[in-house]
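Scroll down for the structure; my scribbles are underneath it.
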Amino acid sequence: MSTAEVMEIALRLKASERYELLEMLQKSLDKPDTEVDHVWIEEAERRLQAYREGKLEVISMEEVFRDL
């Protein structure tokens, strides 16, 4: 069945059924991606190490919020 056919059938559903379908589809997209999580963990560790070694320019929280 093509995407267009699925959409045509879905649009014939009652509003409450379309909403339920929408929630199910959204949940299917919100699954954690361990590969992305791993990349972010590595990046956070690199940044922390750079901070500890004094190689990272830092700005205080007060200064950041002052400029908003």
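Chain labels A, B, ... are given in the sequence in which chains occur in the structure tokens; within each chain residues are numbered consecutively from 1, and ligands are likewise numbered from 1 in the order shown.
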
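Within the 12 Å cut-off around A:Val6, using only C-alpha atoms and omitting residues fewer than 6 positions from it on the same chain, the listed residues are Arg12, Leu13, Arg18 and Leu21 of chain A.
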
Write the residues of the selection above to a file with N, CA and C atoms, as a tab-separated table (two decimals), in the first residue's frame.
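Output (part.tsv):
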chain	number	residue	atom	x	y	z
A	12	ARG	N	-10.22	9.46	6.18
A	12	ARG	CA	-11.63	9.06	6.30
A	12	ARG	C	-11.99	8.68	7.73
A	13	LEU	N	-10.99	8.57	8.61
A	13	LEU	CA	-11.25	8.22	10.00
A	13	LEU	C	-11.93	9.37	10.73
A	18	ARG	N	-8.13	9.75	14.08
A	18	ARG	CA	-6.96	10.39	13.45
A	18	ARG	C	-5.99	10.88	14.51
A	21	LEU	N	-4.13	7.95	15.86
A	21	LEU	CA	-3.12	7.55	14.87
A	21	LEU	C	-1.93	8.50	14.90

* To do: Just the alpha helix (DSSP H) stuff from chain A, please, per backbone DSSP, written as a VMD selection string.
  => chain A and resid 3 to 11 15 to 29 34 to 52 61 to 66
